[in-house]
$ cat target03.txt   # compact mmCIF, C-alpha atoms and all ligand atoms
# COMPACT_ATOMS: atom_id res chain seq x y z
CA MET A 1 13.93 -138.20 77.36
CA ASN A 2 12.67 -139.91 80.46
CA LYS A 3 10.69 -137.81 82.84
CA ALA A 4 12.77 -137.25 85.95
CA ARG A 5 11.98 -139.85 88.58
CA GLN A 6 12.12 -139.31 92.30
CA ILE A 7 13.18 -142.32 94.31
CA LEU A 8 13.65 -142.81 98.04
CA HIS A 9 15.63 -145.60 99.66
CA LEU A 10 14.68 -146.25 103.27
CA ASP A 11 16.71 -148.49 105.54
CA LEU A 12 16.05 -149.08 109.24
CA ASP A 13 19.22 -148.68 111.31
CA ALA A 14 20.67 -151.87 112.84
CA PHE A 15 17.10 -153.14 112.76
CA TYR A 16 17.04 -156.34 114.87
CA ALA A 17 19.39 -154.87 117.46
CA SER A 18 17.39 -151.62 117.57
CA VAL A 19 14.19 -153.59 118.23
CA GLU A 20 15.87 -155.34 121.16
CA GLN A 21 16.95 -151.95 122.52
CA LEU A 22 13.46 -150.59 121.97
CA ASP A 23 11.74 -153.44 123.83
CA GLU A 24 14.33 -153.60 126.60
CA PRO A 25 15.30 -150.04 127.52
CA ALA A 26 18.21 -151.21 129.70
CA LEU A 27 19.96 -152.24 126.45
CA ARG A 28 19.90 -148.74 124.97
CA GLY A 29 23.38 -147.34 124.48
CA GLN A 30 24.83 -150.83 125.08
CA PRO A 31 26.55 -153.10 122.57
CA VAL A 32 23.84 -155.58 121.52
CA ILE A 33 24.30 -158.57 119.25
CA VAL A 34 21.37 -160.52 117.78
CA GLY A 35 21.97 -163.99 116.48
CA GLY A 36 22.59 -167.63 117.35
CA VAL A 37 23.26 -167.57 121.07
CA SER A 38 25.60 -170.56 121.16
CA ASP A 39 29.26 -170.14 120.30
CA ARG A 40 28.60 -171.88 116.99
CA GLY A 41 25.96 -169.27 116.13
CA VAL A 42 26.31 -166.40 113.70
CA VAL A 43 25.75 -162.66 114.19
CA CYS A 44 22.54 -161.59 112.40
CA ALA A 45 22.67 -157.96 113.49
CA CYS A 46 24.50 -155.74 115.95
CA SER A 47 23.95 -152.31 117.43
CA TYR A 48 26.21 -149.43 116.46
CA GLU A 49 27.74 -149.66 119.93
CA ALA A 50 28.89 -153.22 119.08
CA ARG A 51 30.11 -152.21 115.62
CA ARG A 52 32.58 -149.89 117.30
CA PHE A 53 34.37 -153.01 118.55
CA GLY A 54 34.55 -154.44 115.02
CA VAL A 55 31.54 -156.74 115.35
CA ARG A 56 29.78 -157.25 111.99
CA SER A 57 26.81 -159.27 110.79
CA ALA A 58 27.58 -162.74 109.39
CA MET A 59 30.55 -162.97 111.76
CA GLY A 60 30.81 -166.07 113.97
CA MET A 61 29.43 -165.51 117.46
CA LEU A 62 32.62 -166.77 119.10
CA ARG A 63 34.68 -164.16 117.30
CA ALA A 64 32.11 -161.45 118.06
CA ARG A 65 32.21 -162.27 121.78
CA GLN A 66 36.01 -162.11 121.71
CA LEU A 67 35.92 -158.68 120.08
CA CYS A 68 33.26 -157.36 122.45
CA PRO A 69 32.99 -159.45 125.63
CA GLU A 70 30.61 -156.98 127.25
CA ALA A 71 28.05 -157.27 124.44
CA VAL A 72 24.58 -158.50 125.35
CA VAL A 73 23.60 -161.34 123.01
CA ARG A 74 19.92 -161.88 122.22
CA PRO A 75 18.25 -164.55 120.08
CA VAL A 76 16.44 -163.61 116.86
CA ARG A 77 12.73 -162.80 117.44
CA MET A 78 11.51 -162.82 113.86
CA GLY A 79 7.82 -162.47 114.76
CA ARG A 80 8.44 -159.25 116.63
CA TYR A 81 10.66 -157.83 113.87
CA ARG A 82 8.02 -158.64 111.28
CA GLU A 83 5.37 -156.86 113.33
CA LEU A 84 7.41 -153.68 113.54
CA SER A 85 8.44 -153.93 109.90
CA GLU A 86 4.79 -154.06 108.88
CA GLU A 87 4.06 -150.98 110.97
CA VAL A 88 6.90 -149.13 109.27
CA PHE A 89 5.80 -150.21 105.78
CA ALA A 90 2.25 -149.07 106.61
CA ILE A 91 3.71 -145.61 107.25
CA TYR A 92 5.44 -145.70 103.84
CA ARG A 93 2.13 -146.58 102.21
CA ARG A 94 0.60 -143.28 103.36
CA TYR A 95 2.79 -141.61 100.74
CA THR A 96 2.86 -144.03 97.83
CA ASP A 97 1.86 -147.55 96.89
CA ARG A 98 4.87 -147.84 94.61
CA ILE A 99 7.02 -149.63 97.19
CA GLU A 100 9.62 -152.28 96.47
CA PRO A 101 10.69 -154.12 99.63
CA LEU A 102 14.30 -155.32 99.48
CA SER A 103 14.16 -157.02 102.84
CA ILE A 104 12.34 -156.78 106.15
CA ASP A 105 14.02 -153.45 106.91
CA GLU A 106 14.74 -151.88 103.54
CA ALA A 107 12.66 -150.54 100.65
CA PHE A 108 12.57 -148.31 97.60
CA LEU A 109 9.71 -145.84 97.24
CA ASP A 110 8.87 -144.16 93.95
CA VAL A 111 7.52 -140.74 94.95
CA THR A 112 7.47 -139.30 91.43
CA GLY A 113 4.39 -137.13 91.11
CA CYS A 114 3.73 -136.98 94.85
CA GLU A 115 4.97 -133.42 95.06
CA ARG A 116 1.59 -131.68 94.88
CA LEU A 117 0.18 -133.77 97.69
CA PHE A 118 3.17 -134.17 99.99
CA GLY A 119 5.90 -131.79 98.82
CA PRO A 120 9.33 -132.52 97.35
CA PRO A 121 11.13 -135.87 98.00
CA LEU A 122 13.32 -134.44 100.73
CA LYS A 123 10.26 -133.30 102.63
CA ILE A 124 8.52 -136.65 102.17
CA ALA A 125 11.61 -138.49 103.42
CA ALA A 126 11.83 -136.20 106.46
CA ALA A 127 8.13 -136.71 107.23
CA ILE A 128 8.48 -140.49 106.94
CA ARG A 129 11.53 -140.51 109.21
CA ALA A 130 9.70 -138.43 111.80
CA ALA A 131 6.58 -140.65 111.68
CA VAL A 132 8.62 -143.84 112.01
CA LYS A 133 10.49 -142.42 114.99
CA GLU A 134 7.36 -141.11 116.66
CA GLU A 135 5.11 -144.12 116.05
CA THR A 136 7.54 -147.00 116.43
CA GLY A 137 10.56 -145.55 118.25
CA LEU A 138 12.89 -146.77 115.47
CA THR A 139 15.23 -144.71 113.32
CA VAL A 140 15.30 -145.11 109.55
CA SER A 141 17.94 -143.64 107.28
CA ALA A 142 16.82 -142.23 103.97
CA GLY A 143 18.35 -141.43 100.60
CA ALA A 144 16.67 -139.38 97.88
CA ALA A 145 17.81 -139.30 94.25
CA GLY A 146 16.74 -139.71 90.65
CA ASN A 147 17.17 -143.49 90.59
CA LYS A 148 17.46 -146.57 92.78
CA PHE A 149 21.23 -146.88 92.54
CA LEU A 150 21.90 -143.33 93.72
CA ALA A 151 19.13 -143.36 96.34
CA LYS A 152 20.69 -146.42 97.97
CA LEU A 153 24.13 -144.87 97.98
CA ALA A 154 22.63 -141.75 99.54
CA SER A 155 20.97 -143.59 102.42
CA GLU A 156 24.20 -145.47 103.12
CA ARG A 157 25.95 -142.12 103.38
CA GLY A 158 23.26 -140.97 105.79
CA LYS A 159 23.58 -143.90 108.19
CA PRO A 160 22.77 -144.00 111.01
CA ASP A 161 19.66 -141.88 111.47
CA GLY A 162 20.38 -139.58 108.55
CA LEU A 163 18.85 -138.19 105.39
CA VAL A 164 20.90 -137.48 102.28
CA GLU A 165 19.73 -136.21 98.92
CA ILE A 166 21.74 -136.37 95.73
CA LEU A 167 20.61 -133.64 93.34
CA PRO A 168 21.29 -134.04 89.59
CA GLY A 169 24.13 -131.52 89.72
CA GLU A 170 25.80 -133.33 92.61
CA VAL A 171 26.05 -136.80 91.09
CA ASP A 172 29.67 -136.51 89.97
CA SER A 173 31.01 -135.07 93.18
CA PHE A 174 29.22 -137.81 95.09
CA LEU A 175 30.07 -140.70 92.84
CA LEU A 176 33.50 -140.36 91.27
CA ALA A 177 35.59 -140.74 94.44
CA LEU A 178 33.79 -143.90 95.61
CA PRO A 179 35.59 -147.26 95.43
CA VAL A 180 34.29 -149.56 92.67
CA ALA A 181 33.07 -152.01 95.32
CA SER A 182 30.28 -149.58 96.24
CA LEU A 183 28.66 -150.07 92.82
CA TRP A 184 25.60 -152.28 92.43
CA GLY A 185 26.49 -155.84 91.51
CA VAL A 186 30.19 -155.52 92.25
CA GLY A 187 31.00 -158.30 94.68
CA ARG A 188 34.39 -159.23 96.03
CA VAL A 189 35.46 -161.16 92.92
CA THR A 190 34.61 -158.40 90.44
CA ALA A 191 36.12 -155.77 92.74
CA GLU A 192 39.42 -157.69 92.87
CA ARG A 193 39.40 -158.13 89.13
CA LEU A 194 38.86 -154.41 88.61
CA GLN A 195 41.62 -153.58 91.09
CA GLN A 196 44.04 -155.78 89.19
CA LEU A 197 43.15 -153.84 86.07
CA GLY A 198 44.01 -150.64 87.93
CA LEU A 199 40.39 -149.59 88.22
CA GLN A 200 39.99 -148.57 91.86
CA ARG A 201 37.42 -145.80 91.90
CA VAL A 202 34.28 -144.97 89.98
CA ALA A 203 36.24 -142.19 88.24
CA ASP A 204 38.58 -144.86 86.81
CA LEU A 205 35.63 -146.73 85.30
CA ARG A 206 34.31 -143.59 83.72
CA LYS A 207 37.74 -142.81 82.26
CA ALA A 208 38.17 -146.36 80.95
CA GLY A 209 35.07 -145.84 78.81
CA GLU A 210 32.28 -148.13 77.71
CA GLU A 211 34.17 -149.92 74.97
CA ARG A 212 37.11 -150.96 77.11
CA LEU A 213 34.88 -152.09 79.98
CA ALA A 214 32.72 -154.09 77.58
CA LYS A 215 35.84 -155.79 76.23
CA LEU A 216 37.05 -156.59 79.75
CA LEU A 217 33.78 -157.60 81.41
CA GLY A 218 31.14 -158.11 78.71
CA SER A 219 27.65 -156.89 79.46
CA GLN A 220 28.56 -156.30 83.09
CA GLY A 221 31.16 -153.83 81.85
CA VAL A 222 28.51 -151.89 79.96
CA GLN A 223 26.34 -151.87 83.05
CA LEU A 224 29.22 -150.64 85.22
CA TYR A 225 29.94 -147.85 82.81
CA ARG A 226 26.34 -146.69 83.00
CA LEU A 227 26.48 -146.77 86.79
CA SER A 228 29.71 -144.76 86.72
CA LEU A 229 27.68 -142.06 84.93
CA GLY A 230 25.05 -142.28 87.67
CA LEU A 231 22.52 -143.85 85.27
CA ASP A 232 20.09 -146.56 86.35
CA GLU A 233 16.76 -147.14 84.61
CA ARG A 234 15.41 -149.97 86.75
CA PRO A 235 11.87 -149.18 87.89
CA VAL A 236 10.64 -149.54 91.46
CA GLU A 237 8.80 -152.84 91.34
CA SER A 238 6.03 -152.91 93.88
CA SER A 239 4.98 -156.36 94.93
CA GLY A 240 1.43 -155.52 95.97
CA ARG A 241 -0.15 -156.54 99.24
CA PRO A 242 0.60 -159.87 100.89
CA LYS A 243 -1.68 -162.76 99.94
CA SER A 244 -1.62 -164.29 103.39
CA LEU A 245 -0.26 -163.73 106.87
CA GLY A 246 0.34 -166.39 109.46
CA HIS A 247 2.12 -167.55 112.53
CA GLU A 248 3.12 -170.95 113.82
CA GLU A 249 4.73 -172.27 116.91
CA THR A 250 6.70 -175.42 117.58
CA PHE A 251 6.34 -176.40 121.21
CA ALA A 252 9.29 -177.29 123.40
CA GLN A 253 7.38 -180.46 124.33
CA ASP A 254 4.61 -182.22 122.43
CA ARG A 255 1.19 -181.30 123.80
CA TRP A 256 -1.90 -183.34 124.61
CA ASP A 257 -3.97 -180.56 126.25
CA HIS A 258 -6.67 -179.54 123.80
CA LYS A 259 -7.87 -176.65 126.03
CA GLY A 260 -4.33 -175.36 126.33
CA LEU A 261 -3.96 -175.48 122.55
CA GLU A 262 -7.15 -173.47 122.21
CA VAL A 263 -5.53 -170.79 124.36
CA GLU A 264 -2.40 -170.89 122.18
CA LEU A 265 -4.61 -170.57 119.12
CA LEU A 266 -6.41 -167.59 120.65
CA ALA A 267 -3.11 -165.77 121.29
CA MET A 268 -2.01 -166.63 117.76
CA THR A 269 -5.26 -165.37 116.22
CA GLU A 270 -4.96 -162.15 118.20
CA ARG A 271 -1.46 -161.67 116.92
CA VAL A 272 -2.06 -162.42 113.24
CA ALA A 273 -5.36 -160.48 113.15
CA SER A 274 -3.57 -157.49 114.61
CA ARG A 275 -1.00 -157.66 111.79
CA VAL A 276 -3.82 -157.85 109.23
CA ARG A 277 -5.44 -154.76 110.77
CA ARG A 278 -2.20 -152.81 110.83
CA LEU A 279 -1.97 -153.31 107.06
CA GLY A 280 -5.52 -152.02 106.63
CA LEU A 281 -6.66 -155.43 105.39
CA GLU A 282 -9.29 -158.05 106.14
CA ALA A 283 -9.22 -161.81 105.69
CA GLY A 284 -11.68 -164.02 103.84
CA CYS A 285 -10.22 -167.37 104.85
CA VAL A 286 -8.69 -168.94 107.95
CA THR A 287 -6.48 -172.03 108.03
CA VAL A 288 -5.31 -173.99 111.06
CA LYS A 289 -2.32 -176.30 110.77
CA VAL A 290 -1.43 -179.04 113.21
CA LYS A 291 1.69 -181.17 113.13
CA TYR A 292 1.47 -184.27 115.31
CA GLY A 293 4.23 -185.81 117.40
CA ASP A 294 5.04 -188.23 114.57
CA PHE A 295 5.57 -185.28 112.19
CA THR A 296 2.49 -185.97 110.06
CA GLN A 297 0.46 -182.81 109.59
CA VAL A 298 -3.04 -181.71 108.68
CA THR A 299 -4.53 -178.37 107.68
CA ARG A 300 -8.17 -177.35 108.08
CA SER A 301 -9.53 -174.29 106.27
CA ALA A 302 -12.79 -172.38 106.24
CA SER A 303 -14.14 -169.28 104.54
CA LEU A 304 -15.17 -166.50 106.86
CA SER A 305 -18.78 -165.40 106.36
CA SER A 306 -17.59 -161.95 105.31
CA ALA A 307 -14.06 -160.57 105.26
CA VAL A 308 -13.04 -159.66 108.81
CA SER A 309 -10.01 -158.66 110.83
CA SER A 310 -11.45 -158.81 114.35
CA LEU A 311 -10.60 -161.46 116.89
CA GLU A 312 -14.31 -162.09 117.45
CA GLY A 313 -14.85 -162.62 113.76
CA ILE A 314 -11.99 -165.08 113.34
CA TYR A 315 -11.35 -166.99 116.54
CA PRO A 316 -14.62 -169.00 116.82
CA GLN A 317 -14.00 -170.33 113.32
CA ALA A 318 -10.34 -171.10 114.08
CA ARG A 319 -11.31 -172.95 117.26
CA GLU A 320 -13.82 -175.03 115.35
CA LEU A 321 -11.13 -175.94 112.81
CA LEU A 322 -8.81 -177.04 115.61
CA GLY A 323 -11.67 -179.20 116.91
CA ARG A 324 -11.74 -180.95 113.53
CA THR A 325 -8.17 -182.17 114.04
CA GLU A 326 -7.09 -184.92 116.41
CA SER A 327 -5.83 -182.37 118.95
CA GLY A 328 -6.30 -183.84 122.44
CA ARG A 329 -6.25 -187.40 121.12
CA ARG A 330 -2.80 -187.29 119.57
CA SER A 331 0.26 -185.36 120.68
CA VAL A 332 0.78 -182.03 118.91
CA ARG A 333 4.23 -180.59 118.23
CA LEU A 334 3.30 -177.59 116.09
CA LEU A 335 0.28 -175.33 115.81
CA GLY A 336 -0.17 -172.70 113.11
CA LEU A 337 -2.75 -170.22 111.91
CA THR A 338 -2.92 -168.45 108.54
CA LEU A 339 -5.28 -165.75 107.35
CA SER A 340 -5.63 -165.53 103.57
CA GLN A 341 -7.76 -163.98 100.81
CA LEU A 342 -6.62 -160.65 102.19
CA GLN A 343 -8.35 -157.57 100.81
CA PRO A 344 -8.52 -153.88 101.75
CA ALA A 345 -10.73 -153.32 104.79
CA GLY A 346 -14.34 -152.47 103.97
CA ALA A 347 -14.02 -153.58 100.34
CA GLY A 348 -17.19 -155.67 100.21
CA GLN A 349 -19.30 -153.77 102.72
CA SER A 350 -22.62 -152.16 101.82
CA ASP A 351 -25.34 -152.19 104.49
CA LEU A 352 -25.43 -149.39 107.02
CA PHE A 353 -26.04 -151.49 110.09
CA GLY A 354 -23.05 -153.67 109.33
CA GLN A 355 -21.02 -150.57 108.69
CA GLU A 356 -21.84 -149.14 112.08
CA GLN A 357 -21.07 -152.36 113.87
CA ARG A 358 -17.87 -152.65 111.92
CA THR A 359 -16.77 -149.14 112.88
CA ARG A 360 -17.35 -149.91 116.56
CA GLN A 361 -15.47 -153.16 116.27
CA GLN A 362 -12.60 -151.46 114.47
CA SER A 363 -12.17 -148.76 117.07
CA LEU A 364 -12.14 -151.42 119.78
CA ASP A 365 -9.57 -153.44 117.90
CA GLN A 366 -7.44 -150.37 117.28
CA ALA A 367 -7.62 -149.42 120.95
CA LEU A 368 -6.48 -152.94 121.82
CA ASP A 369 -3.62 -152.69 119.34
CA ARG A 370 -2.47 -149.51 121.04
CA VAL A 371 -2.64 -151.05 124.51
CA ARG A 372 -0.74 -154.03 123.21
CA ASP A 373 1.92 -151.75 121.76
CA ARG A 374 2.39 -150.31 125.21
CA PHE A 375 2.11 -153.36 127.41
CA GLY A 376 3.16 -156.18 125.18
CA ARG A 377 1.25 -158.61 123.08
CA ASP A 378 0.15 -160.94 125.84
CA GLY A 379 -0.97 -158.15 128.15
CA ILE A 380 -4.61 -158.46 127.27
CA VAL A 381 -6.95 -160.97 125.80
CA ARG A 382 -10.67 -160.46 125.93
CA GLY A 383 -12.17 -162.61 128.66
CA THR A 384 -15.25 -163.74 126.76
CA LEU A 385 -13.14 -165.49 124.15
CA LEU A 386 -11.05 -167.48 126.58
CA PRO A 387 -11.90 -171.15 126.63
CA GLU A 388 -12.83 -172.41 130.07
CA ARG A 389 -9.70 -173.18 132.00
CA SER A 390 -9.38 -176.71 133.22
CA GLY A 391 -8.02 -175.60 136.59
CA GLU A 392 -4.26 -175.47 136.17
CA PRO A 393 -2.93 -172.02 135.43
CA SER A 394 -1.06 -172.14 132.14
CA ASP A 395 2.40 -170.79 131.87
CA ASP A 396 2.07 -167.74 129.66
CA GLY A 397 5.65 -166.71 129.17
CA GLY A 398 5.35 -165.49 125.60
CA GLU A 399 8.22 -166.12 123.24
MG MG B 1 18.92 -151.83 107.75

$ encode --input "target03.txt" --output "structure tokens" --more "lines below"
Ligand SMILES: [Mg+2]
Amino acid sequence: MNKARQILHLDLDAFYASVEQLDEPALRGQPVIVGGVSDRGVVCACSYEARRFGVRSAMGMLRARQLCPEAVVRPVRMGRYRELSEEVFAIYRRYTDRIEPLSIDEAFLDVTGCERLFGPPLKIAAAIRAAVKEETGLTVSAGAAGNKFLAKLASERGKPDGLVEILPGEVDSFLLALPVASLWGVGRVTAERLQQLGLQRVADLRKAGEERLAKLLGSQGVQLYRLSLGLDERPVESSGRPKSLGHEETFAQDRWDHKGLEVELLAMTERVASRVRRLGLEAGCVTVKVKYGDFTQVTRSASLSSAVSSLEGIYPQARELLGRTESGRRSVRLLGLTLSQLQPAGAGQSDLFGQEQRTRQQSLDQALDRVRDRFGRDGIVRGTLLPERSGEPSDDGGE
């Protein structure tokens, strides 16, 4: 017999749209659609207020606007979503490192054996939901059950902003009435096929039995039968920490101003380093990428003397790498920065003096991260790192 597993499924509610509402309080309570802004665009996400009008993700923007003319449409801001997603995943990691991300806003956590430290799964899920709400302002729905399949069904039932647990004795009452389409791996085609065979609900699959389903659908039939019993042995597959983090920007117009690009690079370093810190990591290598106006590109990399995550530790090196490109002499259409060889913070640190300096630096960086959370990313940049301005004030509109 397998030891009972305890799995959580966590899914941020209407994630992209919720981030827009978080960053722009006037949008709260309003129908918000995120996606391609032109009429040929597609809906990537929509707030629950927009869903009430029938708007769904993957729908054409034209249709969405017809259904809900008063909706506010915002473009996708992937960088910002990634930032918040990393913050949320860092909260998950306080409880377990057995985390399987399914997407930017969804993950399985295996909390088997965490009971002595953190309490039963329901309590862990409640604590995570509270921390996410308190620290990021976002709501995450949670499902708790003995396997991935049931945990995901549970969180769906909890949406939005809910927590649902399926205990072993409750599996049948939860499962049997569901339509077959709610089972893992049953897409539209399989669902139609099953309907034609008179198999509408999970209870019908169970009644049909393994043999008949195997005859009808082969190995998928066997799998469906197991799911109809509430069985799912797939482990939570954690992917480990990221190997690199980066950011790049394509400019609206090609740029010749080397000093201006240094400022862009500074903002970029600040941003990526902050993501590295949030994950409790440090970088051993920095890479700068430049794509010229004629679309040819170069990358320049350097090892950092010791693994660091501070702006002061990274930016001088990054600026030097930019200086080794033809920036200023050729037009530049894209600038990028990547931090790699990521490792847990403090991993290779021994001497006391360095340790003390590091602690001071870290608390400064963390304080800056907090200020930035409150006032926006571009609110502050340390003056000593700014390259000398060449007179003209640069337009610093952010993204
Ligand atoms: Mg979601």

$ atom_distance --input "target03.txt" --atom1 "CA of Gly230 in chain A" --atom2 "CA of Arg93 in chain A"
27.5 Å

$ closest_residue --input "target03.txt" --among "A:Ala142, A:Asp23, A:Pro31, A:Arg116" --to "ligand MG 1 (chain B)" --atoms "all atoms listed in the file"
A:Ala142

$ residues_near_ligand --input "target03.txt" --ligand "ligand MG 1 (chain B)" --cutoff "7 Å" --atoms "only C-alpha atoms and all ligand atoms" --output "list in words"
Asp11, Leu12, Asp13, Ala14, Phe15, Asp105 and Glu106 of chain A

$ write_last_selection --input "target03.txt" --atoms "C-alpha atoms" --output "CSV table (one decimal), keeping the file's coordinate frame"
chain,number,residue,atom,x,y,z
A,11,ASP,CA,16.7,-148.5,105.5
A,12,LEU,CA,16.0,-149.1,109.2
A,13,ASP,CA,19.2,-148.7,111.3
A,14,ALA,CA,20.7,-151.9,112.8
A,15,PHE,CA,17.1,-153.1,112.8
A,105,ASP,CA,14.0,-153.4,106.9
A,106,GLU,CA,14.7,-151.9,103.5

$ closest_residue --input "target03.txt" --among "A:Arg212, A:Lys148, A:Lys289, A:Arg271" --to "Ile99 in chain A" --atoms "all atoms listed in the file"
A:Lys148

$ closest_residue --input "target03.txt" --among "A:Arg193, A:Arg28, A:Arg98, A:Arg226" --to "Gly137 in chain A" --atoms "all atoms listed in the file"
A:Arg28

$ atom_distance --input "target03.txt" --atom1 "CA of Arg80 in chain A" --atom2 "CA of Val111 in chain A"
28.5 Å

$ closest_residue --input "target03.txt" --among "A:Leu84, A:Leu322, A:Ala125, A:Leu167" --to "Leu265 in chain A" --atoms "all atoms listed in the file"
A:Leu322

$ build_atoms --input "target03.txt" --residues "range 147-165 of chain A" --atoms "N, CA, C and O atoms" --output "compact mmCIF listing (two decimals), in the frame of the given file"
# COMPACT_ATOMS: atom_id res chain seq x y z
N ASN A 147 17.34 -142.07 90.90
CA ASN A 147 17.17 -143.49 90.59
C ASN A 147 17.54 -144.35 91.79
O ASN A 147 18.01 -143.85 92.81
N LYS A 148 17.28 -145.65 91.65
CA LYS A 148 17.46 -146.57 92.78
C LYS A 148 18.92 -146.65 93.22
O LYS A 148 19.23 -146.60 94.42
N PHE A 149 19.80 -146.75 92.26
CA PHE A 149 21.23 -146.88 92.54
C PHE A 149 21.73 -145.72 93.41
O PHE A 149 22.36 -145.92 94.46
N LEU A 150 21.42 -144.50 92.98
CA LEU A 150 21.90 -143.33 93.72
C LEU A 150 21.17 -143.17 95.07
O LEU A 150 21.78 -142.77 96.07
N ALA A 151 19.88 -143.50 95.09
CA ALA A 151 19.13 -143.36 96.34
C ALA A 151 19.71 -144.28 97.42
O ALA A 151 19.83 -143.90 98.59
N LYS A 152 20.12 -145.48 96.99
CA LYS A 152 20.69 -146.42 97.97
C LYS A 152 22.05 -145.93 98.47
O LYS A 152 22.35 -146.01 99.67
N LEU A 153 22.85 -145.43 97.55
CA LEU A 153 24.13 -144.87 97.98
C LEU A 153 23.92 -143.72 98.96
O LEU A 153 24.64 -143.56 99.95
N ALA A 154 22.89 -142.92 98.69
CA ALA A 154 22.63 -141.75 99.54
C ALA A 154 22.24 -142.17 100.95
O ALA A 154 22.74 -141.61 101.93
N SER A 155 21.39 -143.19 101.08
CA SER A 155 20.97 -143.59 102.42
C SER A 155 22.14 -144.20 103.18
O SER A 155 22.26 -144.04 104.39
N GLU A 156 23.01 -144.92 102.46
CA GLU A 156 24.20 -145.47 103.12
C GLU A 156 25.05 -144.34 103.70
O GLU A 156 25.56 -144.44 104.81
N ARG A 157 25.19 -143.27 102.92
CA ARG A 157 25.95 -142.12 103.38
C ARG A 157 25.30 -141.50 104.62
O ARG A 157 25.97 -140.98 105.50
N GLY A 158 23.99 -141.59 104.69
CA GLY A 158 23.26 -140.97 105.79
C GLY A 158 23.29 -141.76 107.09
O GLY A 158 22.93 -141.26 108.14
N LYS A 159 23.68 -143.01 107.02
CA LYS A 159 23.58 -143.90 108.19
C LYS A 159 24.53 -143.51 109.30
O LYS A 159 25.65 -143.13 109.02
N PRO A 160 24.13 -143.68 110.57
CA PRO A 160 22.77 -144.00 111.01
C PRO A 160 21.95 -142.74 111.22
O PRO A 160 22.49 -141.68 111.44
N ASP A 161 20.65 -142.93 111.16
CA ASP A 161 19.66 -141.88 111.47
C ASP A 161 19.90 -140.61 110.66
O ASP A 161 19.88 -139.51 111.21
N GLY A 162 20.13 -140.76 109.36
CA GLY A 162 20.38 -139.58 108.55
C GLY A 162 19.52 -139.53 107.30
O GLY A 162 18.82 -140.49 106.96
N LEU A 163 19.59 -138.40 106.63
CA LEU A 163 18.85 -138.19 105.39
C LEU A 163 19.77 -137.47 104.41
O LEU A 163 20.29 -136.40 104.72
N VAL A 164 20.00 -138.08 103.26
CA VAL A 164 20.90 -137.48 102.28
C VAL A 164 20.20 -137.45 100.92
O VAL A 164 19.60 -138.45 100.50
N GLU A 165 20.29 -136.32 100.26
CA GLU A 165 19.73 -136.21 98.92
C GLU A 165 20.86 -135.97 97.94
O GLU A 165 21.79 -135.22 98.22
